[in-house]
Structures are given as structure tokens and as C-alpha cells.
Amino acid sequence: MTERLDGTVALVTGASSGIGEAAARELAQRGAAVAIAARRTDRLDALAREIEQAGGSALTIEADVTDQEQVRRLVDETVDRLGRLDTVVNNAGVMLLGPIADAPTEEWDRMIALNLQGLLYVAHAALPHLLAAAENAPRNVADLVNISSVAGRVARKNSGVYNLTKHGVGAFGESLRQEVTGRHVRVSLVEPGAVDTELPDHIRAEIRDEMMGRLTGIEHLASEDIADAIAYIVTRPRHVAINELLIRPTEQEG
Ligand SMILES: NC(=O)c1ccc[n+]([C@@H]2O[C@H](COP(=O)([O-])OP(=O)(O)OC[C@H]3O[C@@H](n4cnc5c(N)ncnc54)[C@H](OP(=O)(O)O)[C@@H]3O)[C@@H](O)[C@H]2O)c1
């Protein structure tokens, strides 16, 4: 069973914090050269230094993935500088919860622009390179890992537009999976429950206290738990595709 990713290249979006940061670290530890993308380059640079000090290889790229031109440049620069693209973790996302009535619709626009359009742009730009990598050594298989959520399976009051975006990620990914799996590009869906990250920090304070209350007192997942699942997915042998992983904290009921 192949557990290493030596000789391969991975691109992780939203790598400046949380799940993306942990995923980049984990893939680098397994031998992949990693391109790490987000808007906060100070955080990316610190992660790149850490990866390189541990003997890995990291390329920092500033990119707002809601901008298709920046996404094209992100993928082009990754391939130009690192030589190929075998693994994409399509992770950047935002969760702006709240009731639909009287919502500031700018929050909806931000979620749709990042969680859906940004994820689509990344998939579109990366796909030709993933298809090429799947035809080549060392692994003859490539991976697109889309990060959804429990919210991509279960709709909840005050989460309507976040639910919409994450359900969309699942539908899009399944369609794309059928399109490319015969060519050995595996499209996987990861659906985390509550993970201890910066994600809830962007919710309006009055909403956050009410919405996150149901998770108070439970032991959250760590970003490393999700990174471990991503690494499991992308290190399977060529004939094994992990299509979907739903991962909740043990104490999380719904
Ligand atoms: N935490 C959870 O409980 C949980 C549960 C289920 C699913 N998820 C999903 O996991 C993914 C990662 O979230 P997280 O929990 O790790 O949250 P996080 O710590 O807030 O990370 C979000 C990442 O997205 C990046 N980002 C935001 N806007 C961006 C933009 N326009 N362009 C490029 N990058 C952008 C952020 O970097 P910059 O701000 O530097 O650009 C950051 O690196 C999201 O898709 C989220 O929906 C999280």
C-alpha cells in the first residue's frame, strides 16, 4: 500500500489556517511538494518556513480564489514552479450563519463566491493537470478532494445559504467524479463536523452565540484529524477511491 507522496505535487487552498494549514503540513510530511494558497501571505510564509525546516518543500502563492484570473495564475504558477499537479485540496471556505429573513445578503454573496464559485474555478483550472498526472508516474492516479461539511448533508435552521453551498459542493463533486474517475482522477468529498478553527469567528457575534451554543462543551475535532483523513484518501492504492468521508466529533449528535 502506498503511504508516501514522494515525487508528487499538492495544491491546498485556504492553507493559512485551520484545516488547510494542517492538510498542507500533513501532505508535505508524506513527501509531496506543496503549493499553499490564501490571502494572508504572512501566515503562508510562516507555514512554508516550518515545512522547509522539517525537510519538506513548499511554495507560497497569494490568491483570492473568488477571482477566476487569480485561480488560473495560482494553478499555472504551481505547475510552472513545481512541475506537475497530482493532488488538490479544494478547502477555502467561509461560514456566515444566520436567519434568511432580513439577512445581509452580502454574506450570501461571499459564501457563494468562495464556497461554490471559487471551488469550481479551482477544479476547472486544475483538472487538465490532474488528468495529465494520472497518466504518469509515480502514482498514475490523481486526487481532487473537495471540503464540504455535515452542513452539506443536513440542512439546519439559520444555516440555509451555507447549507446551499455545501450541498452544491457534494452535487458538483459527484457529477465530476463520474466524469473523470475512468481516467483515474479520484474526486472525493470530506464532510467534517465541528472542527476547532477560525471558521466561526466570521459569524456576526449575536448569531454566533446562539448558533454555536449547541456545540458548547463537546470535544471538537482538531484540524489534524481532518488532515489525517485527507492523507488517508490520497494515499490509497490506484484502484481504491474513497468517494466520501463524514467525520464528526464523537459527542456531536447532529
Ligand atoms: N471548522 C469546521 O467546523 C468546519 C466544519 C465543516 C467544514 N469546514 C470547512 O472546512 C474548510 C476550511 O475551513 P476551516 O474550518 O479551516 O476555517 P478557517 O480556519 O477560517 O480557514 C479558512 C481558510 O480559507 C481561506 N480563505 C478565505 N477566503 C478566501 C479567499 N477569498 N481566497 C482564498 N482563500 C480564502 C482563509 O485564508 P485567508 O483569509 O488568508 O485568505 C483560510 O485559510 C471550509 O471550506 C469550511 O467550510 C469546516
# chains A, B, ... in the order shown; residues from 1 in each chain; ligands from 1

call {"tool": "residues_near_ligand", "arguments": {"ligand": "ligand 1", "cutoff": "6 Å", "atoms": "only C-alpha atoms and all ligand atoms", "output": "PyMOL selection string"}}
result
chain A and resi 14-20+38-40+63-66+91-95+114+147-149+192-199

call {"tool": "residues_around", "arguments": {"residues": "range 129-133 of chain A", "least_positions_apart": "2", "cutoff": "8 Å", "atoms": "only C-alpha atoms", "output": "PDB file with N, CA, C and O atoms, in the first residue's frame"}}
result
ATOM      1  N   ARG A  84       4.259  19.871 -11.877  1.00  0.00           N
ATOM      2  CA  ARG A  84       3.113  18.997 -12.137  1.00  0.00           C
ATOM      3  C   ARG A  84       2.057  19.277 -11.064  1.00  0.00           C
ATOM      4  O   ARG A  84       2.285  20.098 -10.165  1.00  0.00           O
ATOM      5  N   LEU A  85       0.931  18.594 -11.136  1.00  0.00           N
ATOM      6  CA  LEU A  85      -0.092  18.738 -10.087  1.00  0.00           C
ATOM      7  C   LEU A  85      -0.839  17.413  -9.946  1.00  0.00           C
ATOM      8  O   LEU A  85      -1.534  16.986 -10.869  1.00  0.00           O
ATOM      9  N   ASP A  86      -0.668  16.779  -8.776  1.00  0.00           N
ATOM     10  CA  ASP A  86      -1.256  15.452  -8.531  1.00  0.00           C
ATOM     11  C   ASP A  86      -2.433  15.475  -7.568  1.00  0.00           C
ATOM     12  O   ASP A  86      -3.287  14.587  -7.614  1.00  0.00           O
ATOM     13  N   THR A  87      -2.427  16.450  -6.670  1.00  0.00           N
ATOM     14  CA  THR A  87      -3.411  16.454  -5.578  1.00  0.00           C
ATOM     15  C   THR A  87      -3.890  17.878  -5.361  1.00  0.00           C
ATOM     16  O   THR A  87      -3.062  18.789  -5.234  1.00  0.00           O
ATOM     17  N   ALA A 126      -7.517  23.211 -12.389  1.00  0.00           N
ATOM     18  CA  ALA A 126      -6.610  22.111 -12.016  1.00  0.00           C
ATOM     19  C   ALA A 126      -6.829  20.854 -12.852  1.00  0.00           C
ATOM     20  O   ALA A 126      -5.906  20.051 -13.036  1.00  0.00           O
ATOM     21  N   LEU A 127      -8.026  20.677 -13.351  1.00  0.00           N
ATOM     22  CA  LEU A 127      -8.395  19.392 -13.952  1.00  0.00           C
ATOM     23  C   LEU A 127      -7.463  18.909 -15.067  1.00  0.00           C
ATOM     24  O   LEU A 127      -7.050  17.729 -15.044  1.00  0.00           O
ATOM     25  N   GLU A 135      -1.899  10.058 -15.705  1.00  0.00           N
ATOM     26  CA  GLU A 135      -1.343   9.213 -16.768  1.00  0.00           C
ATOM     27  C   GLU A 135       0.148   8.978 -16.587  1.00  0.00           C
ATOM     28  O   GLU A 135       0.791   8.374 -17.437  1.00  0.00           O
ATOM     29  N   ASN A 136       0.679   9.493 -15.484  1.00  0.00           N
ATOM     30  CA  ASN A 136       2.133   9.463 -15.315  1.00  0.00           C
ATOM     31  C   ASN A 136       2.565   8.883 -13.979  1.00  0.00           C
ATOM     32  O   ASN A 136       1.821   8.902 -12.997  1.00  0.00           O
ATOM     33  N   ALA A 137       3.833   8.413 -13.955  1.00  0.00           N
ATOM     34  CA  ALA A 137       4.475   8.014 -12.712  1.00  0.00           C
ATOM     35  C   ALA A 137       4.613   9.267 -11.841  1.00  0.00           C
ATOM     36  O   ALA A 137       4.563  10.380 -12.374  1.00  0.00           O
ATOM     37  N   ASN A 140       0.301   7.316 -11.102  1.00  0.00           N
ATOM     38  CA  ASN A 140      -0.713   7.024 -12.120  1.00  0.00           C
ATOM     39  C   ASN A 140      -2.140   7.171 -11.606  1.00  0.00           C
ATOM     40  O   ASN A 140      -3.067   6.463 -12.032  1.00  0.00           O
ATOM     41  N   VAL A 141      -2.293   8.085 -10.669  1.00  0.00           N
ATOM     42  CA  VAL A 141      -3.614   8.425 -10.155  1.00  0.00           C
ATOM     43  C   VAL A 141      -3.505   9.840  -9.596  1.00  0.00           C
ATOM     44  O   VAL A 141      -2.414  10.269  -9.204  1.00  0.00           O
ATOM     45  N   ALA A 142      -4.604  10.591  -9.614  1.00  0.00           N
ATOM     46  CA  ALA A 142      -4.580  11.962  -9.076  1.00  0.00           C
ATOM     47  C   ALA A 142      -5.836  12.175  -8.238  1.00  0.00           C
ATOM     48  O   ALA A 142      -6.805  11.418  -8.350  1.00  0.00           O
ATOM     49  N   ASP A 143      -5.797  13.214  -7.399  1.00  0.00           N
ATOM     50  CA  ASP A 143      -6.881  13.413  -6.428  1.00  0.00           C
ATOM     51  C   ASP A 143      -7.346  14.850  -6.363  1.00  0.00           C
ATOM     52  O   ASP A 143      -6.534  15.770  -6.213  1.00  0.00           O
ATOM     53  N   LEU A 144      -8.662  15.021  -6.426  1.00  0.00           N
ATOM     54  CA  LEU A 144      -9.300  16.294  -6.113  1.00  0.00           C
ATOM     55  C   LEU A 144     -10.167  16.059  -4.881  1.00  0.00           C
ATOM     56  O   LEU A 144     -11.143  15.298  -4.936  1.00  0.00           O
ATOM     57  N   ARG A 183     -10.645   7.870 -15.801  1.00  0.00           N
ATOM     58  CA  ARG A 183      -9.285   8.304 -16.184  1.00  0.00           C
ATOM     59  C   ARG A 183      -8.380   8.427 -14.962  1.00  0.00           C
ATOM     60  O   ARG A 183      -7.345   9.060 -14.995  1.00  0.00           O
ATOM     61  N   HIS A 184      -8.808   7.838 -13.865  1.00  0.00           N
ATOM     62  CA  HIS A 184      -8.014   7.754 -12.632  1.00  0.00           C
ATOM     63  C   HIS A 184      -7.772   9.086 -11.938  1.00  0.00           C
ATOM     64  O   HIS A 184      -6.767   9.262 -11.260  1.00  0.00           O
ATOM     65  N   VAL A 185      -8.698  10.024 -12.120  1.00  0.00           N
ATOM     66  CA  VAL A 185      -8.732  11.176 -11.225  1.00  0.00           C
ATOM     67  C   VAL A 185      -9.860  10.903 -10.223  1.00  0.00           C
ATOM     68  O   VAL A 185     -11.023  10.776 -10.588  1.00  0.00           O
TER      69      VAL A 185
END

call {"tool": "residues_around", "arguments": {"residues": "Arg204 in chain A", "least_positions_apart": "3", "cutoff": "8 Å", "atoms": "only C-alpha atoms", "output": "number ranges by chain"}}
result
A: 96-97, 207-208

call {"tool": "select_by_dssp", "arguments": {"residues": "range 55-230 of chain A", "states": "strand (DSSP E)", "output": "list in words"}}
result
Ala58, Leu59, Thr60, Ile61, Glu62, Thr87, Val88, Val89, Asn90, Ala142, Asp143, Leu144, Val145, Asn146, Ile147, Val185, Arg186, Val187, Ser188, Leu189, Val190, Glu191 and Pro192 of chain A

call {"tool": "select_by_dssp", "arguments": {"residues": "range 49-189 of chain A", "states": "helix (DSSP H, G or I)", "output": "VMD selection string"}}
result
chain A and resid 49 to 53 68 to 82 105 to 133 150 to 152 160 to 183

call {"tool": "write_last_selection", "arguments": {"atoms": "C-alpha atoms", "output": "short mmCIF file (atom, residue, chain, number, x, y, z; two decimals), in the first residue's frame"}}
result
data_model
loop_
_atom_site.label_atom_id
_atom_site.label_comp_id
_atom_site.auth_asym_id
_atom_site.auth_seq_id
_atom_site.Cartn_x
_atom_site.Cartn_y
_atom_site.Cartn_z
CA ARG A 49 9.29 28.02 6.60
CA GLU A 50 8.08 25.37 9.02
CA ILE A 51 7.61 22.81 6.23
CA GLU A 52 11.04 23.52 4.79
CA GLN A 53 12.74 23.34 8.18
CA GLN A 68 -11.01 33.28 -11.61
CA GLU A 69 -7.97 35.05 -13.04
CA GLN A 70 -6.11 34.66 -9.74
CA VAL A 71 -7.07 30.98 -9.66
CA ARG A 72 -5.70 30.45 -13.17
CA ARG A 73 -2.45 32.12 -12.11
CA LEU A 74 -2.36 30.03 -8.93
CA VAL A 75 -2.58 26.77 -10.83
CA ASP A 76 -0.21 27.92 -13.60
CA GLU A 77 2.40 29.05 -11.08
CA THR A 78 2.12 25.78 -9.17
CA VAL A 79 2.75 23.75 -12.31
CA ASP A 80 5.44 26.10 -13.65
CA ARG A 81 7.40 26.15 -10.39
CA LEU A 82 6.78 22.63 -9.08
CA THR A 105 -27.28 39.42 1.52
CA GLU A 106 -23.65 40.47 1.12
CA GLU A 107 -22.93 37.46 3.39
CA TRP A 108 -24.73 35.19 0.91
CA ASP A 109 -22.69 36.63 -1.93
CA ARG A 110 -19.44 35.95 -0.05
CA MET A 111 -20.36 32.32 0.68
CA ILE A 112 -21.49 31.64 -2.87
CA ALA A 113 -18.44 33.39 -4.34
CA LEU A 114 -15.98 31.36 -2.25
CA ASN A 115 -17.60 28.04 -1.29
CA LEU A 116 -19.12 27.46 -4.74
CA GLN A 117 -17.63 29.64 -7.46
CA GLY A 118 -14.12 29.61 -6.01
CA LEU A 119 -14.22 25.83 -5.62
CA LEU A 120 -15.46 25.49 -9.21
CA TYR A 121 -12.70 27.76 -10.55
CA VAL A 122 -10.04 25.71 -8.75
CA ALA A 123 -11.46 22.42 -10.04
CA HIS A 124 -11.69 23.77 -13.58
CA ALA A 125 -8.16 25.17 -13.68
CA ALA A 126 -6.61 22.11 -12.02
CA LEU A 127 -8.39 19.39 -13.95
CA PRO A 128 -6.19 19.25 -17.07
CA HIS A 129 -3.12 18.89 -14.85
CA LEU A 130 -4.75 16.23 -12.66
CA LEU A 131 -5.72 14.26 -15.77
CA ALA A 132 -2.13 14.51 -17.01
CA ALA A 133 -0.69 13.45 -13.63
CA VAL A 150 -22.01 17.93 7.75
CA ALA A 151 -23.89 21.01 6.51
CA GLY A 152 -23.61 19.50 3.03
CA GLY A 160 -29.67 27.97 4.81
CA VAL A 161 -27.16 29.54 2.45
CA TYR A 162 -24.16 27.73 3.97
CA ASN A 163 -26.20 24.51 3.54
CA LEU A 164 -26.91 25.51 -0.06
CA THR A 165 -23.23 25.97 -0.83
CA LYS A 166 -22.10 22.75 0.82
CA HIS A 167 -24.90 20.67 -0.73
CA GLY A 168 -23.75 22.17 -4.03
CA VAL A 169 -20.19 21.01 -3.42
CA GLY A 170 -21.47 17.46 -2.97
CA ALA A 171 -23.60 17.52 -6.14
CA PHE A 172 -20.86 19.05 -8.26
CA GLY A 173 -18.24 16.65 -6.93
CA GLU A 174 -20.33 13.56 -7.58
CA SER A 175 -21.01 14.64 -11.15
CA LEU A 176 -17.34 15.37 -11.76
CA ARG A 177 -16.36 12.08 -10.12
CA GLN A 178 -18.42 10.17 -12.68
CA GLU A 179 -16.87 12.23 -15.48
CA VAL A 180 -13.21 11.60 -14.64
CA THR A 181 -12.95 8.50 -12.46
CA GLY A 182 -12.43 6.26 -15.51
CA ARG A 183 -9.28 8.30 -16.18
#

call {"tool": "atom_distance", "arguments": {"atom1": "CA of Asn90 in chain A", "atom2": "CA of Ala32 in chain A"}}
result
16.2 Å

call {"tool": "atom_distance", "arguments": {"atom1": "CA of Arg156 in chain A", "atom2": "CA of Glu253 in chain A"}}
result
13.2 Å

call {"tool": "closest_residue", "arguments": {"among": "A:Ser159, A:Ser188, A:Thr8, A:Thr235", "to": "Met212 in chain A", "atoms": "only C-alpha atoms"}}
result
A:Ser159

call {"tool": "closest_residue", "arguments": {"among": "A:Asn243, A:Gln29, A:Asn158, A:Gln252", "to": "Gly217 in chain A", "atoms": "only C-alpha atoms"}}
result
A:Gln252

call {"tool": "closest_residue", "arguments": {"among": "A:Gly7, A:Pro200, A:Pro104, A:Pro99", "to": "Ser57 in chain A", "atoms": "only C-alpha atoms"}}
result
A:Gly7

call {"tool": "decode", "arguments": {"residues": "range 17-51 of chain A", "atoms": "N, CA, C and O atoms", "output": "PDB file, in the first residue's frame"}}
result
ATOM      1  N   SER A  17      -4.777  28.838   7.549  1.00  0.00           N
ATOM      2  CA  SER A  17      -5.262  28.498   8.888  1.00  0.00           C
ATOM      3  C   SER A  17      -6.048  27.195   8.831  1.00  0.00           C
ATOM      4  O   SER A  17      -6.323  26.658   7.748  1.00  0.00           O
ATOM      5  N   GLY A  18      -6.379  26.691   9.997  1.00  0.00           N
ATOM      6  CA  GLY A  18      -7.323  25.590  10.146  1.00  0.00           C
ATOM      7  C   GLY A  18      -6.987  24.337   9.360  1.00  0.00           C
ATOM      8  O   GLY A  18      -5.845  23.869   9.321  1.00  0.00           O
ATOM      9  N   ILE A  19      -8.016  23.801   8.711  1.00  0.00           N
ATOM     10  CA  ILE A  19      -7.908  22.502   8.030  1.00  0.00           C
ATOM     11  C   ILE A  19      -6.889  22.564   6.895  1.00  0.00           C
ATOM     12  O   ILE A  19      -6.096  21.632   6.711  1.00  0.00           O
ATOM     13  N   GLY A  20      -6.887  23.650   6.142  1.00  0.00           N
ATOM     14  CA  GLY A  20      -5.957  23.751   5.014  1.00  0.00           C
ATOM     15  C   GLY A  20      -4.511  23.763   5.467  1.00  0.00           C
ATOM     16  O   GLY A  20      -3.642  23.110   4.872  1.00  0.00           O
ATOM     17  N   GLU A  21      -4.248  24.499   6.534  1.00  0.00           N
ATOM     18  CA  GLU A  21      -2.887  24.556   7.068  1.00  0.00           C
ATOM     19  C   GLU A  21      -2.445  23.157   7.514  1.00  0.00           C
ATOM     20  O   GLU A  21      -1.338  22.712   7.178  1.00  0.00           O
ATOM     21  N   ALA A  22      -3.303  22.482   8.230  1.00  0.00           N
ATOM     22  CA  ALA A  22      -2.950  21.131   8.724  1.00  0.00           C
ATOM     23  C   ALA A  22      -2.789  20.150   7.568  1.00  0.00           C
ATOM     24  O   ALA A  22      -1.905  19.285   7.586  1.00  0.00           O
ATOM     25  N   ALA A  23      -3.639  20.292   6.552  1.00  0.00           N
ATOM     26  CA  ALA A  23      -3.551  19.381   5.394  1.00  0.00           C
ATOM     27  C   ALA A  23      -2.238  19.584   4.649  1.00  0.00           C
ATOM     28  O   ALA A  23      -1.579  18.619   4.242  1.00  0.00           O
ATOM     29  N   ALA A  24      -1.841  20.855   4.477  1.00  0.00           N
ATOM     30  CA  ALA A  24      -0.578  21.134   3.777  1.00  0.00           C
ATOM     31  C   ALA A  24       0.595  20.524   4.536  1.00  0.00           C
ATOM     32  O   ALA A  24       1.490  19.906   3.949  1.00  0.00           O
ATOM     33  N   ARG A  25       0.568  20.704   5.848  1.00  0.00           N
ATOM     34  CA  ARG A  25       1.650  20.160   6.686  1.00  0.00           C
ATOM     35  C   ARG A  25       1.718  18.639   6.549  1.00  0.00           C
ATOM     36  O   ARG A  25       2.781  18.045   6.378  1.00  0.00           O
ATOM     37  N   GLU A  26       0.555  17.997   6.583  1.00  0.00           N
ATOM     38  CA  GLU A  26       0.494  16.530   6.526  1.00  0.00           C
ATOM     39  C   GLU A  26       0.961  16.000   5.163  1.00  0.00           C
ATOM     40  O   GLU A  26       1.721  15.044   5.084  1.00  0.00           O
ATOM     41  N   LEU A  27       0.510  16.644   4.089  1.00  0.00           N
ATOM     42  CA  LEU A  27       0.902  16.180   2.747  1.00  0.00           C
ATOM     43  C   LEU A  27       2.396  16.389   2.531  1.00  0.00           C
ATOM     44  O   LEU A  27       3.065  15.547   1.916  1.00  0.00           O
ATOM     45  N   ALA A  28       2.915  17.493   3.062  1.00  0.00           N
ATOM     46  CA  ALA A  28       4.362  17.741   2.949  1.00  0.00           C
ATOM     47  C   ALA A  28       5.143  16.683   3.725  1.00  0.00           C
ATOM     48  O   ALA A  28       6.175  16.187   3.257  1.00  0.00           O
ATOM     49  N   GLN A  29       4.643  16.343   4.907  1.00  0.00           N
ATOM     50  CA  GLN A  29       5.328  15.307   5.704  1.00  0.00           C
ATOM     51  C   GLN A  29       5.372  13.970   4.965  1.00  0.00           C
ATOM     52  O   GLN A  29       6.278  13.176   5.148  1.00  0.00           O
ATOM     53  N   ARG A  30       4.374  13.752   4.123  1.00  0.00           N
ATOM     54  CA  ARG A  30       4.335  12.490   3.368  1.00  0.00           C
ATOM     55  C   ARG A  30       5.133  12.564   2.065  1.00  0.00           C
ATOM     56  O   ARG A  30       5.087  11.651   1.255  1.00  0.00           O
ATOM     57  N   GLY A  31       5.777  13.704   1.834  1.00  0.00           N
ATOM     58  CA  GLY A  31       6.716  13.777   0.712  1.00  0.00           C
ATOM     59  C   GLY A  31       6.251  14.586  -0.476  1.00  0.00           C
ATOM     60  O   GLY A  31       7.008  14.754  -1.442  1.00  0.00           O
ATOM     61  N   ALA A  32       5.011  15.101  -0.449  1.00  0.00           N
ATOM     62  CA  ALA A  32       4.552  15.937  -1.569  1.00  0.00           C
ATOM     63  C   ALA A  32       5.187  17.322  -1.472  1.00  0.00           C
ATOM     64  O   ALA A  32       5.351  17.861  -0.370  1.00  0.00           O
ATOM     65  N   ALA A  33       5.534  17.910  -2.613  1.00  0.00           N
ATOM     66  CA  ALA A  33       5.838  19.341  -2.648  1.00  0.00           C
ATOM     67  C   ALA A  33       4.490  20.051  -2.628  1.00  0.00           C
ATOM     68  O   ALA A  33       3.590  19.690  -3.396  1.00  0.00           O
ATOM     69  N   VAL A  34       4.332  21.039  -1.741  1.00  0.00           N
ATOM     70  CA  VAL A  34       3.006  21.646  -1.590  1.00  0.00           C
ATOM     71  C   VAL A  34       2.999  23.110  -2.014  1.00  0.00           C
ATOM     72  O   VAL A  34       3.871  23.883  -1.616  1.00  0.00           O
ATOM     73  N   ALA A  35       2.008  23.472  -2.813  1.00  0.00           N
ATOM     74  CA  ALA A  35       1.712  24.869  -3.094  1.00  0.00           C
ATOM     75  C   ALA A  35       0.619  25.270  -2.122  1.00  0.00           C
ATOM     76  O   ALA A  35      -0.420  24.601  -2.035  1.00  0.00           O
ATOM     77  N   ILE A  36       0.862  26.336  -1.361  1.00  0.00           N
ATOM     78  CA  ILE A  36      -0.099  26.743  -0.332  1.00  0.00           C
ATOM     79  C   ILE A  36      -0.636  28.128  -0.679  1.00  0.00           C
ATOM     80  O   ILE A  36       0.125  29.062  -0.895  1.00  0.00           O
ATOM     81  N   ALA A  37      -1.965  28.219  -0.729  1.00  0.00           N
ATOM     82  CA  ALA A  37      -2.604  29.437  -1.228  1.00  0.00           C
ATOM     83  C   ALA A  37      -3.619  29.974  -0.233  1.00  0.00           C
ATOM     84  O   ALA A  37      -4.314  29.219   0.457  1.00  0.00           O
ATOM     85  N   ALA A  38      -3.672  31.289  -0.160  1.00  0.00           N
ATOM     86  CA  ALA A  38      -4.683  32.018   0.624  1.00  0.00           C
ATOM     87  C   ALA A  38      -4.392  33.498   0.410  1.00  0.00           C
ATOM     88  O   ALA A  38      -3.549  33.852  -0.430  1.00  0.00           O
ATOM     89  N   ARG A  39      -5.074  34.378   1.168  1.00  0.00           N
ATOM     90  CA  ARG A  39      -4.801  35.813   1.041  1.00  0.00           C
ATOM     91  C   ARG A  39      -3.772  36.279   2.064  1.00  0.00           C
ATOM     92  O   ARG A  39      -3.012  37.177   1.802  1.00  0.00           O
ATOM     93  N   ARG A  40      -3.720  35.665   3.235  1.00  0.00           N
ATOM     94  CA  ARG A  40      -2.796  36.117   4.295  1.00  0.00           C
ATOM     95  C   ARG A  40      -1.417  35.490   4.089  1.00  0.00           C
ATOM     96  O   ARG A  40      -1.124  34.407   4.585  1.00  0.00           O
ATOM     97  N   THR A  41      -0.564  36.218   3.377  1.00  0.00           N
ATOM     98  CA  THR A  41       0.729  35.634   2.999  1.00  0.00           C
ATOM     99  C   THR A  41       1.689  35.512   4.179  1.00  0.00           C
ATOM    100  O   THR A  41       2.577  34.673   4.152  1.00  0.00           O
ATOM    101  N   ASP A  42       1.505  36.343   5.216  1.00  0.00           N
ATOM    102  CA  ASP A  42       2.395  36.189   6.376  1.00  0.00           C
ATOM    103  C   ASP A  42       2.207  34.816   6.999  1.00  0.00           C
ATOM    104  O   ASP A  42       3.174  34.134   7.367  1.00  0.00           O
ATOM    105  N   ARG A  43       0.960  34.391   7.069  1.00  0.00           N
ATOM    106  CA  ARG A  43       0.677  33.058   7.641  1.00  0.00           C
ATOM    107  C   ARG A  43       1.202  31.959   6.719  1.00  0.00           C
ATOM    108  O   ARG A  43       1.730  30.941   7.181  1.00  0.00           O
ATOM    109  N   LEU A  44       1.051  32.160   5.415  1.00  0.00           N
ATOM    110  CA  LEU A  44       1.555  31.153   4.461  1.00  0.00           C
ATOM    111  C   LEU A  44       3.080  31.053   4.542  1.00  0.00           C
ATOM    112  O   LEU A  44       3.638  29.949   4.528  1.00  0.00           O
ATOM    113  N   ASP A  45       3.728  32.212   4.633  1.00  0.00           N
ATOM    114  CA  ASP A  45       5.196  32.206   4.683  1.00  0.00           C
ATOM    115  C   ASP A  45       5.688  31.476   5.934  1.00  0.00           C
ATOM    116  O   ASP A  45       6.668  30.732   5.885  1.00  0.00           O
ATOM    117  N   ALA A  46       5.007  31.700   7.051  1.00  0.00           N
ATOM    118  CA  ALA A  46       5.410  31.018   8.292  1.00  0.00           C
ATOM    119  C   ALA A  46       5.248  29.499   8.132  1.00  0.00           C
ATOM    120  O   ALA A  46       6.111  28.720   8.552  1.00  0.00           O
ATOM    121  N   LEU A  47       4.165  29.086   7.510  1.00  0.00           N
ATOM    122  CA  LEU A  47       3.944  27.646   7.291  1.00  0.00           C
ATOM    123  C   LEU A  47       4.991  27.078   6.340  1.00  0.00           C
ATOM    124  O   LEU A  47       5.535  25.985   6.574  1.00  0.00           O
ATOM    125  N   ALA A  48       5.302  27.832   5.290  1.00  0.00           N
ATOM    126  CA  ALA A  48       6.308  27.364   4.321  1.00  0.00           C
ATOM    127  C   ALA A  48       7.654  27.172   5.006  1.00  0.00           C
ATOM    128  O   ALA A  48       8.352  26.173   4.786  1.00  0.00           O
ATOM    129  N   ARG A  49       8.004  28.137   5.868  1.00  0.00           N
ATOM    130  CA  ARG A  49       9.290  28.017   6.598  1.00  0.00           C
ATOM    131  C   ARG A  49       9.281  26.754   7.454  1.00  0.00           C
ATOM    132  O   ARG A  49      10.255  26.003   7.486  1.00  0.00           O
ATOM    133  N   GLU A  50       8.182  26.541   8.138  1.00  0.00           N
ATOM    134  CA  GLU A  50       8.082  25.366   9.022  1.00  0.00           C
ATOM    135  C   GLU A  50       8.227  24.066   8.214  1.00  0.00           C
ATOM    136  O   GLU A  50       8.948  23.154   8.612  1.00  0.00           O
ATOM    137  N   ILE A  51       7.555  24.012   7.077  1.00  0.00           N
ATOM    138  CA  ILE A  51       7.607  22.810   6.231  1.00  0.00           C
ATOM    139  C   ILE A  51       9.034  22.591   5.734  1.00  0.00           C
ATOM    140  O   ILE A  51       9.546  21.467   5.757  1.00  0.00           O
TER     141      ILE A  51
END
